[in-house]
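Visitor: Provided below: coords-v8.csv, containing CSV, C-alpha atoms.
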chain,number,residue,atom,x,y,z
A,981,MET,CA,-0.6,26.9,2.5
A,982,ALA,CA,-3.7,25.7,4.2
A,983,ASP,CA,-5.4,29.0,3.5
A,984,LYS,CA,-4.7,28.6,-0.2
A,985,ARG,CA,-1.8,31.1,-0.3
A,986,GLU,CA,0.9,30.1,-2.7
A,987,TYR,CA,4.6,31.0,-2.7
A,988,THR,CA,7.3,30.5,-5.3
A,989,GLY,CA,10.3,28.6,-3.8
A,990,GLN,CA,13.9,27.9,-4.7
A,991,VAL,CA,15.4,24.5,-4.1
A,992,VAL,CA,18.4,24.8,-1.9
A,993,GLY,CA,19.4,21.2,-2.1
A,994,THR,CA,18.1,17.7,-2.4
A,995,ASP,CA,19.2,14.3,-1.0
A,996,PRO,CA,17.6,11.4,-3.0
A,997,LYS,CA,19.2,8.8,-0.6
A,998,THR,CA,16.9,10.0,2.2
A,999,ASP,CA,14.1,11.6,0.1
A,1000,LEU,CA,14.7,15.0,1.7
A,1001,ALA,CA,14.9,18.5,0.2
A,1002,VAL,CA,15.2,22.0,1.5
A,1003,VAL,CA,13.2,24.7,-0.3
A,1004,ARG,CA,13.5,28.4,0.5
A,1005,PHE,CA,10.7,30.8,0.0
A,1006,GLN,CA,9.8,34.3,1.2
A,1007,PRO,CA,6.5,34.5,3.0
A,1008,ASP,CA,4.5,37.8,3.1
A,1009,ARG,CA,4.0,37.4,6.9
A,1010,ASP,CA,5.4,35.4,9.8
A,1011,LEU,CA,4.6,31.7,9.8
A,1012,THR,CA,4.4,29.4,12.7
A,1013,VAL,CA,7.4,27.0,12.7
A,1014,ALA,CA,7.1,23.4,13.9
A,1015,THR,CA,9.5,22.3,16.6
A,1016,LEU,CA,11.8,19.4,15.8
A,1017,GLY,CA,11.8,16.8,18.6
A,1018,ASN,CA,14.6,14.3,19.5
A,1019,SER,CA,13.8,11.1,17.7
A,1020,ASP,CA,16.6,9.3,19.5
A,1021,ASN,CA,14.4,9.3,22.6
A,1022,LEU,CA,11.4,7.5,21.0
A,1023,ARG,CA,10.1,4.4,22.6
A,1024,VAL,CA,7.9,1.7,21.1
A,1025,GLY,CA,4.3,2.2,22.1
A,1026,GLU,CA,4.4,6.0,22.3
A,1027,TRP,CA,1.6,7.8,20.5
A,1028,ALA,CA,2.3,9.1,17.0
A,1029,ILE,CA,0.2,11.5,14.9
A,1030,ALA,CA,0.6,11.7,11.1
A,1031,ILE,CA,-0.5,14.8,9.2
A,1032,GLY,CA,-0.7,15.0,5.5
A,1033,ASN,CA,-2.7,15.2,2.3
A,1034,PRO,CA,-3.5,11.5,1.4
A,1035,PHE,CA,-5.3,11.1,-1.9
A,1036,GLY,CA,-5.7,14.9,-2.0
A,1037,LEU,CA,-7.7,15.1,1.2
A,1038,ASP,CA,-6.2,18.3,2.8
A,1039,GLN,CA,-5.1,18.4,6.4
A,1040,THR,CA,-5.8,14.8,7.3
A,1041,VAL,CA,-4.7,13.7,10.8
A,1042,THR,CA,-4.3,10.0,11.8
A,1043,VAL,CA,-3.2,8.6,15.1
A,1044,GLY,CA,-1.2,5.5,16.0
A,1045,VAL,CA,1.8,4.4,17.9
A,1046,ILE,CA,5.5,4.0,17.3
A,1047,SER,CA,5.8,0.4,16.3
A,1048,ALA,CA,9.6,0.2,15.9
A,1049,THR,CA,12.6,2.4,15.6
A,1050,GLY,CA,15.8,1.9,13.6
A,1051,ARG,CA,13.9,-0.1,11.0
A,1052,SER,CA,16.0,-1.1,8.0
A,1053,ASP,CA,15.9,-3.5,5.1
A,1054,VAL,CA,12.6,-2.1,4.0
A,1055,GLY,CA,13.8,-1.5,0.4
A,1056,VAL,CA,12.7,2.2,0.3
A,1057,ALA,CA,16.0,4.1,0.4
A,1058,THR,CA,19.7,3.6,0.5
A,1059,TYR,CA,20.1,4.9,4.1
A,1060,GLU,CA,17.3,3.2,6.1
A,1061,ASN,CA,16.8,4.0,9.8
A,1062,PHE,CA,13.1,4.4,9.8
A,1063,ILE,CA,10.5,5.0,12.5
A,1064,GLN,CA,7.7,2.5,11.9
A,1065,THR,CA,4.2,3.5,12.9
A,1066,ASP,CA,0.7,2.2,12.5
A,1067,ALA,CA,-0.7,5.7,12.2
A,1068,SER,CA,-2.3,5.6,8.7
A,1069,ILE,CA,0.1,6.8,6.1
A,1070,ASN,CA,-1.1,6.8,2.4
A,1071,PRO,CA,0.0,8.2,-0.9
A,1072,GLY,CA,0.1,12.0,-0.4
A,1073,ASN,CA,1.3,11.8,3.2
A,1074,SER,CA,5.0,11.8,2.1
A,1075,GLY,CA,6.8,14.9,3.4
A,1076,GLY,CA,4.2,15.5,6.2
A,1077,PRO,CA,5.2,15.4,9.8
A,1078,LEU,CA,4.9,12.6,12.3
A,1079,ILE,CA,4.5,14.3,15.6
A,1080,ASN,CA,4.4,13.3,19.3
A,1081,LEU,CA,1.8,14.3,21.9
A,1082,ARG,CA,3.9,17.4,22.7
A,1083,GLY,CA,3.4,18.7,19.2
A,1084,GLU,CA,7.1,18.1,18.2
A,1085,VAL,CA,8.0,16.7,14.8
A,1086,ILE,CA,9.7,13.4,15.5
A,1087,GLY,CA,9.8,12.2,11.8
A,1088,ILE,CA,9.0,13.0,8.2
A,1089,ASN,CA,6.4,10.6,6.7
A,1090,THR,CA,7.9,8.9,3.7
A,1091,ALA,CA,6.7,5.4,2.8
A,1092,ILE,CA,4.3,2.5,3.4
A,1093,VAL,CA,4.4,-1.3,2.8
A,1094,ALA,CA,2.0,-1.5,-0.1
A,1095,THR,CA,1.1,-5.1,0.6
A,1096,GLY,CA,0.3,-4.5,4.3
A,1097,GLN,CA,-2.0,-2.3,6.3
A,1098,GLY,CA,-0.9,-0.1,9.1
A,1099,ILE,CA,2.8,-0.3,8.3
A,1100,GLY,CA,4.2,3.2,7.6
A,1101,PHE,CA,7.6,4.7,7.9
A,1102,ALA,CA,9.1,8.0,8.7
A,1103,ILE,CA,12.6,9.5,8.5
A,1104,PRO,CA,13.7,10.3,12.1
A,1105,ALA,CA,13.8,14.0,12.9
A,1106,ASN,CA,17.4,13.7,14.0
A,1107,MET,CA,18.4,12.3,10.6
A,1108,ALA,CA,16.4,15.1,8.9
A,1109,LYS,CA,18.3,17.7,11.1
A,1110,ARG,CA,21.7,16.3,10.0
A,1111,VAL,CA,20.7,16.1,6.3
A,1112,THR,CA,19.0,19.5,6.1
A,1113,SER,CA,21.9,21.2,7.9
A,1114,GLN,CA,24.2,20.0,5.2
A,1115,LEU,CA,21.8,20.9,2.4
A,1116,ILE,CA,21.5,24.5,3.8
A,1117,ASP,CA,25.3,24.8,4.3
A,1118,ARG,CA,26.5,23.1,1.1
A,1119,GLY,CA,23.5,22.3,-1.1
A,1120,LYS,CA,24.3,18.6,-0.9
A,1121,VAL,CA,25.1,15.8,1.5
A,1122,THR,CA,28.6,14.4,1.9
A,1123,ARG,CA,29.0,10.9,3.1
A,1124,GLY,CA,32.0,8.8,3.8
A,1125,TRP,CA,32.6,5.8,1.6
A,1126,ILE,CA,35.4,3.3,1.9
A,1127,GLY,CA,34.3,1.0,-0.9
A,1128,VAL,CA,33.0,-1.8,1.3
A,1129,SER,CA,29.4,-3.0,1.6
A,1130,LEU,CA,27.8,-5.7,3.7
A,1131,GLN,CA,25.5,-8.5,2.5
A,1132,PRO,CA,23.1,-10.5,4.6
Show this structure as structure tokens.
Guide:
Amino acid sequence: MADKREYTGQVVGTDPKTDLAVVRFQPDRDLTVATLGNSDNLRVGEWAIAIGNPFGLDQTVTVGVISATGRSDVGVATYENFIQTDASINPGNSGGPLINLRGEVIGINTAIVATGQGIGFAIPANMAKRVTSQLIDRGKVTRGWIGVSLQP
């Protein structure tokens, strides 16, 4: 935690295809929980705030805008539907929140374009809600597959 308290957690489930996991732990006091926003309502040009631990620099906050939504073909994950932002995201930001000006989590910071500057990606909060719900209920994510894939 930010105040250096540590807890032992138990992994409830992981989803490598979206780079998400659910970890359960028992805090010794009430914790403030972040509100998940509706990432389907995002518009290009809205402010975005990335919070994380880049390069070990605790509690770093950077500000930018939503550069694009529904971004795919980035080569980061199997299921790509990213929020693109120019809020600075660096190694160590992964797993941190991307929030809007109302303080709602609209995405989970996950990746950058290493050869570019100011091109970061976050998993949309609505996708994270669907994935984490299945992880909590079943410990895994079940997806339909009919054996067909598309090529460009």
Visitor: Give as a list of chain:residue names the set of residues within 8 Å of the point (10.4, 14.1, 11.9), where distances use the file's coordinates and all atoms listed in the file.
Guide: A:Leu1016, A:Gly1017, A:Ser1019, A:Pro1077, A:Leu1078, A:Ile1079, A:Val1085, A:Ile1086, A:Gly1087, A:Ile1088, A:Asn1089, A:Ala1102, A:Ile1103, A:Pro1104, A:Ala1105, A:Asn1106, A:Ala1108
Visitor: Take the residues from that selection and put them in a file with C-alpha atoms, as an mmCIF file, in the frame of the given file.
Guide:
data_model
loop_
_atom_site.group_PDB
_atom_site.id
_atom_site.type_symbol
_atom_site.label_atom_id
_atom_site.label_comp_id
_atom_site.auth_asym_id
_atom_site.auth_seq_id
_atom_site.Cartn_x
_atom_site.Cartn_y
_atom_site.Cartn_z
ATOM 1 C CA LEU A 1016 11.800 19.400 15.800
ATOM 2 C CA GLY A 1017 11.800 16.800 18.600
ATOM 3 C CA SER A 1019 13.800 11.100 17.700
ATOM 4 C CA PRO A 1077 5.200 15.400 9.800
ATOM 5 C CA LEU A 1078 4.900 12.600 12.300
ATOM 6 C CA ILE A 1079 4.500 14.300 15.600
ATOM 7 C CA VAL A 1085 8.000 16.700 14.800
ATOM 8 C CA ILE A 1086 9.700 13.400 15.500
ATOM 9 C CA GLY A 1087 9.800 12.200 11.800
ATOM 10 C CA ILE A 1088 9.000 13.000 8.200
ATOM 11 C CA ASN A 1089 6.400 10.600 6.700
ATOM 12 C CA ALA A 1102 9.100 8.000 8.700
ATOM 13 C CA ILE A 1103 12.600 9.500 8.500
ATOM 14 C CA PRO A 1104 13.700 10.300 12.100
ATOM 15 C CA ALA A 1105 13.800 14.000 12.900
ATOM 16 C CA ASN A 1106 17.400 13.700 14.000
ATOM 17 C CA ALA A 1108 16.400 15.100 8.900
#
Visitor: Record the distance separating CA of Lys984 (chain A) and CA of Pro1071 (chain A), expressed in Å with one decimal.
Guide: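 These two atoms are separated by 20.9 Å.
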Visitor: Got a sec: who's within 12 Å of Gly1036 (chain A), counting only C-alpha atoms, leaving out chain neighbours fewer than 4 positions off, as an MDAnalysis selection string?
Guide: chainID A and resid 1032 1040 1070:1074
Visitor: Go ahead and compute the interatomic distance for CA of Ala1014 (chain A) and CA of Ala982 (chain A), in Å to one decimal.
Guide: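 A separation of 14.7 Å between them.
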Visitor: For a quick check of understanding, using all atoms listed in the file, which of A:Asp999, A:Gly1050, A:Asn1033, A:Gly1044 has the smallest distance to Asp1020 (chain A)?
Guide: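 Checking each of A:Asp999, A:Gly1050, A:Asn1033, A:Gly1044 against Asp1020 (chain A), counting all atoms listed in the file, the winner is A:Gly1050.
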Visitor: Considering all atoms listed in the file, can you say which of A:Thr1012, A:Ser1047, A:Ser1129, A:Ser1113 comes closest to Glu1026 (chain A)?
Guide: A:Ser1047
Visitor: So how many Å separate CA of Ala1030 (chain A) and CA of Thr1042 (chain A), to one decimal?
Guide: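 One can read the CA of Ala1030 (chain A) to CA of Thr1042 (chain A) distance as 5.2 Å.
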Visitor: Rank nothing, just name the residue among A:Val1111, A:Thr1015, A:Gln1064, A:Val1002 nearest to Gly1098 (chain A), using all atoms listed in the file.
Guide: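 That would be A:Gln1064, the residue with the smallest distance to Gly1098 (chain A).
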Visitor: Between A:Leu1022, A:Val1041, A:Ala1091, A:Ile1116, which is the closest to Val992 (chain A) once you count only C-alpha atoms?
Guide: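 Comparing A:Leu1022, A:Val1041, A:Ala1091, A:Ile1116 against Val992 (chain A), the winner is A:Ile1116.
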Visitor: Would you mind telling me which residue in A:Gly1119, A:Gly1100, A:Gly993, A:Gly1127 lies nearest to Arg1051 (chain A) when using only C-alpha atoms?
Guide: A:Gly1100
Visitor: Using only C-alpha atoms, which of A:Glu986, A:Lys997, A:Val991, A:Phe1035 sits nearest Arg1123 (chain A)?
Guide: A:Lys997
Visitor: Just want the 7 Å neighbourhood of Ile1099 (chain A), counted on all atoms listed in the file, with same-chain residues fewer than 6 positions away dropped. Output as number ranges by chain.
Guide: A: 1064-1066, 1092-1093
Visitor: If you count all atoms listed in the file, which residues fall within 8 Å of Gln1006 (chain A), apart from same-chain ones fewer than 4 positions away, as a VMD selection string?
Guide: chain A and resid 987 to 989
